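Engineer: What follows is upload.txt, compact mmCIF, C-alpha atoms.
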```txt
# COMPACT_ATOMS: atom_id res chain seq x y z
CA MET A 33 105.02 88.30 90.31
CA SER A 34 102.87 89.75 93.06
CA LYS A 35 99.24 88.74 93.47
CA GLY A 36 96.41 91.11 92.55
CA ARG A 37 93.75 92.30 94.94
CA LEU A 38 89.97 92.40 94.98
CA PHE A 39 88.60 95.69 96.31
CA VAL A 40 84.97 95.54 97.41
CA VAL A 41 83.31 98.96 97.35
CA SER A 42 79.97 99.95 98.85
CA GLY A 43 78.22 103.18 99.73
CA PRO A 44 74.66 104.40 99.93
CA SER A 45 72.89 106.20 97.13
CA GLY A 46 74.13 109.80 97.38
CA SER A 47 77.59 108.84 98.61
CA GLY A 48 79.05 109.64 95.20
CA LYS A 49 80.74 106.25 94.84
CA ASP A 50 80.21 106.01 91.06
CA THR A 51 81.90 109.38 90.46
CA ILE A 52 84.74 108.45 92.80
CA LEU A 53 85.25 105.14 90.97
CA LEU A 54 85.38 106.96 87.60
CA GLY A 55 88.19 109.10 89.01
CA VAL A 56 90.00 106.06 90.42
CA PHE A 57 89.88 104.18 87.09
CA LYS A 58 91.26 107.29 85.38
CA ARG A 59 94.23 107.31 87.77
CA PHE A 60 94.74 103.53 87.56
CA PRO A 61 93.86 102.46 84.00
CA ASP A 62 95.29 99.00 84.78
CA ILE A 63 92.66 98.26 87.43
CA LYS A 64 89.81 96.01 86.26
CA PHE A 65 86.13 96.53 87.01
CA SER A 66 84.01 93.51 87.87
CA ILE A 67 81.00 93.43 85.52
CA SER A 68 77.79 92.23 87.19
CA THR A 69 75.63 89.53 85.64
CA ILE A 70 71.94 90.48 85.79
CA THR A 71 68.60 89.23 84.47
CA ARG A 72 66.64 92.47 84.09
CA PRO A 73 66.13 93.66 80.51
CA MET A 74 68.77 95.92 78.98
CA ARG A 75 67.88 99.64 78.93
CA CYS A 76 68.31 101.96 75.93
CA ASN A 77 71.44 103.67 77.30
CA GLU A 78 73.15 100.39 78.23
CA LYS A 79 75.57 98.17 76.31
CA PRO A 80 76.22 94.53 77.18
CA GLY A 81 79.55 94.05 78.96
CA GLU A 82 79.90 97.68 80.00
CA LYS A 83 78.55 97.70 83.55
CA TYR A 84 76.40 94.57 83.21
CA ASN A 85 76.22 91.29 81.35
CA PHE A 86 72.60 90.38 80.57
CA VAL A 87 71.51 86.75 80.87
CA SER A 88 68.23 84.85 81.15
CA LYS A 89 66.90 83.64 84.49
CA ASN A 90 67.66 80.06 83.46
CA GLN A 91 71.26 80.98 82.67
CA PHE A 92 71.58 82.77 86.02
CA GLU A 93 70.16 79.78 87.88
CA ASP A 94 72.69 77.55 86.11
CA MET A 95 75.47 79.86 87.36
CA LEU A 96 74.05 79.60 90.88
CA ARG A 97 73.93 75.79 90.72
CA ASN A 98 77.52 75.67 89.39
CA ASN A 99 78.75 77.90 92.21
CA GLU A 100 80.01 80.50 89.70
CA LEU A 101 79.07 83.59 91.70
CA LEU A 102 80.83 85.48 94.49
CA GLU A 103 77.56 87.05 95.63
CA TYR A 104 74.05 87.60 94.35
CA ASN A 105 70.74 89.07 95.31
CA THR A 106 67.26 89.52 93.89
CA TYR A 107 65.46 92.80 93.34
CA LEU A 108 61.99 93.22 91.81
CA ASP A 109 61.96 89.60 90.63
CA ASN A 110 65.38 89.84 88.91
CA TYR A 111 68.78 88.40 89.81
CA TYR A 112 71.96 90.50 90.23
CA GLY A 113 75.31 88.77 90.80
CA THR A 114 79.10 88.99 90.67
CA PRO A 115 80.74 86.22 88.61
CA LYS A 116 83.68 84.54 90.31
CA ALA A 117 85.94 83.68 87.33
CA PRO A 118 87.03 87.21 86.23
CA VAL A 119 87.94 88.08 89.83
CA ILE A 120 89.98 84.90 90.37
CA CYS A 121 91.78 85.40 87.02
CA ALA A 122 92.61 89.06 87.68
CA ILE A 123 94.13 88.27 91.08
CA ALA A 124 96.17 85.36 89.69
CA ASN A 125 97.46 87.69 86.93
CA GLY A 126 98.63 90.23 89.52
CA GLU A 127 95.86 92.67 88.59
CA ASP A 128 93.68 94.68 90.94
CA ILE A 129 89.93 94.45 90.40
CA ILE A 130 87.12 96.50 91.92
CA VAL A 131 83.62 95.20 92.55
CA GLU A 132 80.80 97.55 93.53
CA VAL A 133 78.12 95.88 95.66
CA ASP A 134 75.74 96.67 98.52
CA VAL A 135 76.43 95.73 102.15
CA ASN A 136 74.85 92.28 101.74
CA GLY A 137 76.93 91.54 98.65
CA ALA A 138 80.09 92.70 100.44
CA TYR A 139 79.26 90.39 103.34
CA GLN A 140 78.90 87.40 100.99
CA ILE A 141 82.15 88.19 99.16
CA LYS A 142 84.15 88.59 102.38
CA ASN A 143 83.08 85.11 103.44
CA ILE A 144 84.32 83.58 100.19
CA MET A 145 87.38 85.80 99.70
CA PRO A 146 88.61 86.94 103.13
CA ASP A 147 91.72 88.51 101.53
CA CYS A 148 89.65 91.14 99.75
CA ILE A 149 89.94 94.75 100.90
CA SER A 150 86.61 96.43 101.58
CA ILE A 151 85.99 100.16 101.32
CA PHE A 152 82.85 101.99 102.41
CA ILE A 153 82.15 105.41 100.91
CA MET A 154 79.89 107.71 102.87
CA PRO A 155 78.53 111.24 102.64
CA PRO A 156 80.00 113.66 105.22
CA SER A 157 76.66 113.87 107.11
CA PHE A 158 72.99 112.99 106.83
CA GLU A 159 72.24 116.67 106.09
CA VAL A 160 74.51 116.55 103.02
CA LEU A 161 73.05 113.19 101.97
CA ASN A 162 69.56 114.64 102.25
CA GLN A 163 70.54 117.66 100.13
CA ARG A 164 72.24 115.47 97.51
CA LEU A 165 69.23 113.18 97.12
CA ARG A 166 66.83 116.16 96.88
CA SER A 167 69.01 118.15 94.46
CA ARG A 168 68.51 115.48 91.81
CA GLY A 169 64.94 116.77 91.57
CA THR A 170 63.77 113.57 89.90
CA GLU A 171 62.21 111.73 92.83
CA ASN A 172 59.20 112.30 95.05
CA GLU A 173 59.24 112.71 98.84
CA ASP A 174 58.41 109.02 99.53
CA ARG A 175 61.25 107.77 97.33
CA ILE A 176 63.72 110.19 98.95
CA LYS A 177 62.64 109.08 102.45
CA GLN A 178 63.02 105.45 101.39
CA ARG A 179 66.55 106.11 100.05
CA LEU A 180 67.49 107.87 103.31
CA GLU A 181 66.24 104.93 105.37
CA VAL A 182 68.23 102.46 103.26
CA ALA A 183 71.29 104.76 103.56
CA ILE A 184 71.03 104.78 107.38
CA LYS A 185 70.81 100.98 107.43
CA GLU A 186 73.87 100.68 105.17
CA ILE A 187 75.94 103.24 107.12
CA SER A 188 75.14 101.36 110.34
CA ARG A 189 77.09 98.45 108.82
CA ALA A 190 80.07 100.56 107.68
CA ASP A 191 82.08 99.15 110.60
CA GLU A 192 82.23 95.79 108.76
CA TYR A 193 84.53 97.39 106.15
CA ASP A 194 88.32 97.73 106.26
CA TYR A 195 88.35 101.39 105.21
CA LEU A 196 86.02 104.38 105.38
CA ILE A 197 86.14 107.21 102.88
CA ILE A 198 84.15 110.36 103.67
CA ASN A 199 83.15 112.00 100.40
CA ASP A 200 83.13 115.65 101.39
CA ASP A 201 85.33 116.80 98.51
CA LEU A 202 85.36 114.66 95.35
CA ASN A 203 89.05 115.13 94.49
CA LYS A 204 90.11 114.38 98.05
CA ALA A 205 87.95 111.25 98.10
CA ILE A 206 89.52 110.01 94.82
CA SER A 207 92.95 110.75 96.26
CA ASP A 208 92.11 108.90 99.52
CA PHE A 209 90.91 105.87 97.55
CA SER A 210 94.13 106.00 95.51
CA ASP A 211 96.24 106.03 98.68
CA ILE A 212 94.51 102.82 99.82
CA ILE A 213 95.24 101.15 96.45
CA LYS A 214 98.88 102.29 96.43
CA ALA A 215 99.58 101.18 100.00
CA ASP A 216 97.94 97.81 99.38
CA ARG A 217 100.61 96.92 96.80
CA PHE A 218 103.19 96.75 99.61
CA ARG A 219 101.24 94.27 101.73
CA THR A 220 103.26 91.19 102.55
CA ASP A 221 100.48 88.76 101.55
CA ARG A 222 100.74 90.05 97.95
CA ASN A 223 104.52 89.64 97.87
CA ILE A 224 105.08 86.20 99.35
CA SER A 225 106.46 84.81 96.08
CA PHE A 226 108.91 87.73 95.85
CA LEU A 227 110.10 86.92 99.38
CA LYS A 228 110.49 83.22 98.55
CA ASN A 229 112.55 83.98 95.43
CA TYR A 230 114.63 86.46 97.39
CA LEU A 231 115.57 83.91 100.03
CA ASN A 232 116.19 81.10 97.52
CA LYS A 233 118.75 83.07 95.55
CA MET B 184 88.57 112.22 117.13
CA SER B 185 90.19 109.30 115.36
CA LYS B 186 92.68 107.06 117.15
CA GLY B 187 96.38 107.19 116.37
CA ARG B 188 98.45 104.26 115.16
CA LEU B 189 101.64 102.56 116.21
CA PHE B 190 103.88 101.69 113.25
CA VAL B 191 106.52 99.08 114.02
CA VAL B 192 109.48 99.29 111.64
CA SER B 193 112.28 96.77 111.16
CA GLY B 194 114.93 96.10 108.57
CA PRO B 195 118.42 94.65 108.52
CA SER B 196 121.57 96.72 108.71
CA GLY B 197 122.06 98.03 105.16
CA SER B 198 118.33 98.27 104.40
CA GLY B 199 118.52 102.05 104.75
CA LYS B 200 115.68 102.22 107.28
CA ASP B 201 117.16 105.13 109.25
CA THR B 202 117.44 107.30 106.13
CA ILE B 203 113.92 106.34 105.06
CA LEU B 204 112.56 107.25 108.50
CA LEU B 205 114.30 110.65 108.34
CA GLY B 206 112.46 111.28 105.06
CA VAL B 207 109.16 110.09 106.51
CA PHE B 208 109.42 112.38 109.56
CA LYS B 209 110.19 115.29 107.23
CA ARG B 210 106.98 114.58 105.29
CA PHE B 211 104.90 114.00 108.43
CA PRO B 212 106.24 116.35 111.12
CA ASP B 213 103.23 115.42 113.31
CA ILE B 214 104.31 111.76 113.63
CA LYS B 215 106.03 110.90 116.88
CA PHE B 216 109.13 108.73 117.26
CA SER B 217 109.31 106.26 120.13
CA ILE B 218 112.49 106.89 122.11
CA SER B 219 114.14 103.71 123.39
CA THR B 220 115.19 103.35 127.00
CA ILE B 221 118.69 101.81 127.27
CA THR B 222 121.30 101.12 129.91
CA ARG B 223 124.53 101.42 127.93
CA PRO B 224 126.57 104.58 128.60
CA MET B 225 125.82 107.67 126.51
CA ARG B 226 128.26 108.33 123.65
CA CYS B 227 129.86 111.71 122.84
CA ASN B 228 127.61 112.38 119.84
CA GLU B 229 124.41 111.49 121.71
CA LYS B 230 121.95 113.61 123.66
CA PRO B 231 119.49 112.16 126.19
CA GLY B 232 115.95 112.03 124.81
CA GLU B 233 116.99 112.26 121.16
CA LYS B 234 117.08 108.63 120.07
CA TYR B 235 117.56 107.11 123.54
CA ASN B 236 116.78 107.74 127.16
CA PHE B 237 119.64 106.53 129.36
CA VAL B 238 118.83 104.82 132.65
CA SER B 239 120.64 102.60 135.16
CA LYS B 240 120.18 98.84 135.17
CA ASN B 241 118.25 99.11 138.43
CA GLN B 242 115.88 101.64 136.88
CA PHE B 243 115.42 99.41 133.83
CA GLU B 244 114.69 96.38 136.01
CA ASP B 245 112.10 98.43 137.89
CA MET B 246 110.43 99.22 134.54
CA LEU B 247 110.44 95.52 133.71
CA ARG B 248 108.86 94.60 137.05
CA ASN B 249 106.20 97.30 136.63
CA ASN B 250 105.33 96.05 133.15
CA GLU B 251 106.21 99.44 131.64
CA LEU B 252 107.80 98.13 128.42
CA LEU B 253 106.34 97.04 125.08
CA GLU B 254 109.45 95.02 124.27
CA TYR B 255 113.01 94.70 125.41
CA ASN B 256 116.19 92.78 124.75
CA THR B 257 119.72 92.55 126.04
CA TYR B 258 122.88 93.12 124.03
CA LEU B 259 126.44 92.95 125.38
CA ASP B 260 125.18 92.97 128.98
CA ASN B 261 122.95 96.03 128.48
CA TYR B 262 119.17 96.43 128.27
CA TYR B 263 117.34 98.03 125.33
CA GLY B 264 113.58 98.59 125.55
CA THR B 265 110.53 100.46 124.26
CA PRO B 266 108.52 102.21 127.00
CA LYS B 267 104.78 101.63 126.82
CA ALA B 268 103.40 104.97 128.11
CA PRO B 269 104.42 107.34 125.25
CA VAL B 270 102.94 104.91 122.70
CA ILE B 271 99.63 104.52 124.56
CA CYS B 272 99.38 108.32 125.01
CA ALA B 273 100.12 109.09 121.36
CA ILE B 274 97.45 106.66 120.14
CA ALA B 275 94.87 108.01 122.60
CA ASN B 276 95.66 111.55 121.37
CA GLY B 277 95.05 110.53 117.75
CA GLU B 278 98.75 110.73 116.92
CA ASP B 279 100.79 108.27 114.85
CA ILE B 280 103.98 107.00 116.44
CA ILE B 281 106.83 104.99 114.89
CA VAL B 282 108.98 102.54 116.79
CA GLU B 283 112.11 101.04 115.22
CA VAL B 284 112.95 97.58 116.56
CA ASP B 285 114.42 94.29 115.40
CA VAL B 286 112.33 91.24 114.44
CA ASN B 287 112.24 89.98 118.03
CA GLY B 288 111.09 93.35 119.34
CA ALA B 289 108.43 93.54 116.63
CA TYR B 290 107.20 90.09 117.62
CA GLN B 291 106.87 91.14 121.28
CA ILE B 292 105.05 94.37 120.39
CA LYS B 293 102.57 92.63 118.08
CA ASN B 294 101.58 90.30 120.91
CA ILE B 295 100.82 93.23 123.22
CA MET B 296 99.39 95.61 120.61
CA PRO B 297 97.86 93.55 117.81
CA ASP B 298 96.43 96.73 116.20
CA CYS B 299 99.90 98.02 115.35
CA ILE B 300 100.94 98.13 111.69
CA SER B 301 104.29 96.51 111.00
CA ILE B 302 106.57 97.43 108.11
CA PHE B 303 109.70 95.57 107.04
CA ILE B 304 112.28 97.45 104.98
CA MET B 305 114.62 95.37 102.86
CA PRO B 306 117.42 95.90 100.38
CA PRO B 307 116.51 94.99 96.74
CA SER B 308 118.82 91.95 96.80
CA PHE B 309 121.61 90.30 98.76
CA GLU B 310 124.10 91.58 96.17
CA VAL B 311 123.08 95.18 96.90
CA LEU B 312 123.10 94.54 100.65
CA ASN B 313 126.60 93.11 100.35
CA GLN B 314 127.77 96.16 98.37
CA ARG B 315 126.15 98.58 100.85
CA LEU B 316 127.79 96.96 103.87
CA ARG B 317 131.18 96.87 102.15
CA SER B 318 130.99 100.43 100.81
CA ARG B 319 131.00 101.78 104.36
CA GLY B 320 134.64 100.72 104.46
CA THR B 321 134.69 100.78 108.24
CA GLU B 322 134.28 97.10 109.06
CA ASN B 323 136.39 94.01 108.56
CA GLU B 324 135.40 90.88 106.62
CA ASP B 325 134.26 88.95 109.71
CA ARG B 326 131.97 91.78 110.85
CA ILE B 327 130.49 92.12 107.34
CA LYS B 328 129.84 88.37 107.12
CA GLN B 329 128.21 88.48 110.55
CA ARG B 330 125.96 91.38 109.47
CA LEU B 331 124.97 89.48 106.31
CA GLU B 332 124.05 86.38 108.32
CA VAL B 333 121.93 88.42 110.72
CA ALA B 334 120.28 90.13 107.71
CA ILE B 335 119.36 86.77 106.14
CA LYS B 336 117.82 85.62 109.42
CA GLU B 337 115.82 88.83 109.71
CA ILE B 338 114.64 88.79 106.07
CA SER B 339 113.48 85.18 106.54
CA ARG B 340 111.00 86.57 109.09
CA ALA B 341 109.78 89.44 106.86
CA ASP B 342 106.58 87.49 106.22
CA GLU B 343 105.51 88.23 109.81
CA TYR B 344 105.09 91.92 108.87
CA ASP B 345 102.02 93.62 107.37
CA TYR B 346 103.97 95.51 104.70
CA LEU B 347 107.22 95.11 102.78
CA ILE B 348 109.16 98.04 101.39
CA ILE B 349 111.99 97.31 98.97
CA ASN B 350 114.56 100.08 99.28
CA ASP B 351 115.92 100.21 95.74
CA ASP B 352 115.46 103.95 95.33
CA LEU B 353 115.44 106.08 98.49
CA ASN B 354 112.81 108.60 97.34
CA LYS B 355 110.49 105.84 96.14
CA ALA B 356 110.90 104.00 99.43
CA ILE B 357 110.01 107.17 101.41
CA SER B 358 107.03 107.67 99.13
CA ASP B 359 105.92 104.04 99.57
CA PHE B 360 106.15 104.38 103.34
CA SER B 361 104.12 107.60 103.14
CA ASP B 362 101.39 105.84 101.12
CA ILE B 363 101.06 103.25 103.89
CA ILE B 364 100.72 106.01 106.52
CA LYS B 365 98.19 107.97 104.46
CA ALA B 366 96.01 104.94 103.69
CA ASP B 367 96.05 103.83 107.32
CA ARG B 368 94.20 106.99 108.36
CA PHE B 369 91.10 105.72 106.53
CA ARG B 370 90.99 102.37 108.33
CA THR B 371 87.66 101.76 110.01
CA ASP B 372 89.20 100.73 113.34
CA ARG B 373 90.65 104.25 113.71
CA ASN B 374 87.32 105.90 112.94
CA ILE B 375 84.84 103.97 115.07
CA SER B 376 84.07 107.02 117.24
CA PHE B 377 83.38 109.09 114.10
CA LEU B 378 80.94 106.40 112.93
CA LYS B 379 79.20 106.30 116.31
CA ASN B 380 78.76 110.09 116.38
CA TYR B 381 77.53 110.01 112.79
CA LEU B 382 74.81 107.50 113.56
CA ASN B 383 73.77 109.16 116.85
CA LYS B 384 73.13 112.52 115.23
```
Could you write out this file's structure as structure tokens?
Structural biologist:
Amino acid sequence: MSKGRLFVVSGPSGSGKDTILLGVFKRFPDIKFSISTITRPMRCNEKPGEKYNFVSKNQFEDMLRNNELLEYNTYLDNYYGTPKAPVICAIANGEDIIVEVDVNGAYQIKNIMPDCISIFIMPPSFEVLNQRLRSRGTENEDRIKQRLEVAIKEISRADEYDYLIINDDLNKAISDFSDIIKADRFRTDRNISFLKNYLNK
Amino acid sequence: MSKGRLFVVSGPSGSGKDTILLGVFKRFPDIKFSISTITRPMRCNEKPGEKYNFVSKNQFEDMLRNNELLEYNTYLDNYYGTPKAPVICAIANGEDIIVEVDVNGAYQIKNIMPDCISIFIMPPSFEVLNQRLRSRGTENEDRIKQRLEVAIKEISRADEYDYLIINDDLNKAISDFSDIIKADRFRTDRNISFLKNYLNK
């Protein structure tokens, strides 16, 4: 059986990465999604185990001490992390698994799992990003400027990723992401056991 | 403009790599094929510049001295080589180019151009390979055994390649090859100049 693969996906706010991932999971229902473990309180529209698992700070710090996380960060006095076990299990079972993290999280994961494939999703231009962030109509000028600044910082680290997807057209971006997943299944490093069996026959 | 890519393709006799490549070039008429330079005499069914360029041994040895080849080998007292210039030009022009060589040629090319993507095409099993070689009906038992031995040696080096394609079904194999080409166009190393322009705007 061939090994699975961890795909690490990042992209700034306004890149459309969540919508692209929805489309990708629709095309590949067998691909797993890595659920983050976080310590902030659950919101009304959230369910445990959907996008997040909710734990106490003590529980999270236990996970940290036991080296159970692939990456973590803190934001507004709360922890956010990617548990290691589901990723390791998926890969051993020959399953692909996608984790969505920011550039710092991706950097941490690549150090621990250098075989992962990293994909950066970006808006076609800053003008489009600007429009997208403004068209939400829910945030004030300061917040939009802050998001743009963070986006520029993240895009300046896009060259650390294996692949770049420009989200100009949603369907094309989903299709581009799918091409990367499909091609990856033919990589030699995933098929070493097949090769060994082949030669031992 | 994004850079082009050199794809290095190998596979034993009976792997069906020539037929797969015909299908790939039909799907991607923009992809170039690297024409080998050889010193054996031209055959009746051959045209210069189609699959081979024919030169004298002196001319070939000049190319060797001038470091104009990506790889070369000798077979039955003749030289066979891949000229460097068309590959370098294609990549600089943003074009993909495919070169078909044996495992030794692929090894030489990877040392000179580590950014190339290498693909090994293999038959689904030795049984099928055996059948395919025999079904040609044009070769005697000794020649078939010799081809099988060479194939085993080549397949034992398949792990040196980036991708493996199992040619069980021709259309699937062409499609698999196409997925690898399509995904490659999103690799960050091909799009560094796009990223630079993006950030300088």
Engineer: Tell me, as a PyMOL selection string, which residues lie within 10 Å of Gly46 in chain A, counting all atoms listed in the file; anything in the same chain fewer than 2 positions away does not count.
Structural biologist: chain A and resi 43-44+48-50+153-155+160-166+168+179-180+183+199
Engineer: Would you mind listing what lies within 10 Å of range 292-300 of chain B as a PyMOL selection string, with all atoms listed in the file counted and same-chain residues fewer than 6 positions away left out?
Structural biologist: chain B and resi 187-192+252-255+265+267+271+280-282+284+286+343-346+363-364+367+372-373
Engineer: For CA of Glu186 in chain A and CA of Asn85 in chain A, determine how far apart the two atoms are, in Å to one decimal place.
Structural biologist: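 Result for CA of Glu186 in chain A versus CA of Asn85 in chain A: 25.7 Å, one decimal.
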Engineer: Separation of CA of Leu54 in chain A and CA of Ile206 in chain A, in Å?
Structural biologist: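 Pair CA of Leu54 in chain A / CA of Ile206 in chain A returns 8.9 Å.
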Engineer: As a list in words, please: the residues near Gly232 in chain B (cut-off 12 Å, all atoms listed in the file, same-chain neighbours under 5 positions excluded).
Structural biologist: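 Counting all atoms listed in the file, the residues come to Phe216, Ser217, Ile218, Ser219, Thr220, Ile221, Met225, Phe237 and Val238 of chain B.
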Engineer: What are the closest atom pairs, with distances in Å to one decimal, for each residue of chain B lying within 7 Å of chain A, using only C-alpha atoms, rows by chain and rising residue number, as a Markdown table?
Structural biologist:
```
| residue | atom | partner | partner_atom | distance |
| --- | --- | --- | --- | --- |
| B:Ser308 | CA | A:Tyr230 | CA | 6.9 |
| B:Ser339 | CA | A:Leu231 | CA | 7.0 |
| B:Asp342 | CA | A:Thr220 | CA | 6.2 |
| B:Tyr344 | CA | A:Thr220 | CA | 6.6 |
| B:Asp345 | CA | A:Thr220 | CA | 5.5 |
| B:Tyr346 | CA | A:Arg219 | CA | 4.2 |
| B:Leu347 | CA | A:Phe218 | CA | 5.4 |
| B:Ile348 | CA | A:Phe218 | CA | 6.4 |
| B:Asp359 | CA | A:Ala215 | CA | 7.0 |
| B:Asp362 | CA | A:Ala215 | CA | 5.1 |
| B:Ile363 | CA | A:Ala215 | CA | 4.6 |
| B:Lys365 | CA | A:Asp211 | CA | 6.4 |
| B:Ala366 | CA | A:Ile212 | CA | 4.7 |
| B:Phe369 | CA | A:Tyr195 | CA | 5.3 |
| B:Arg370 | CA | A:Tyr195 | CA | 4.2 |
| B:Thr371 | CA | A:Tyr195 | CA | 4.9 |
| B:Tyr381 | CA | A:Ser157 | CA | 6.9 |
| B:Leu382 | CA | A:Ser188 | CA | 6.9 |
```
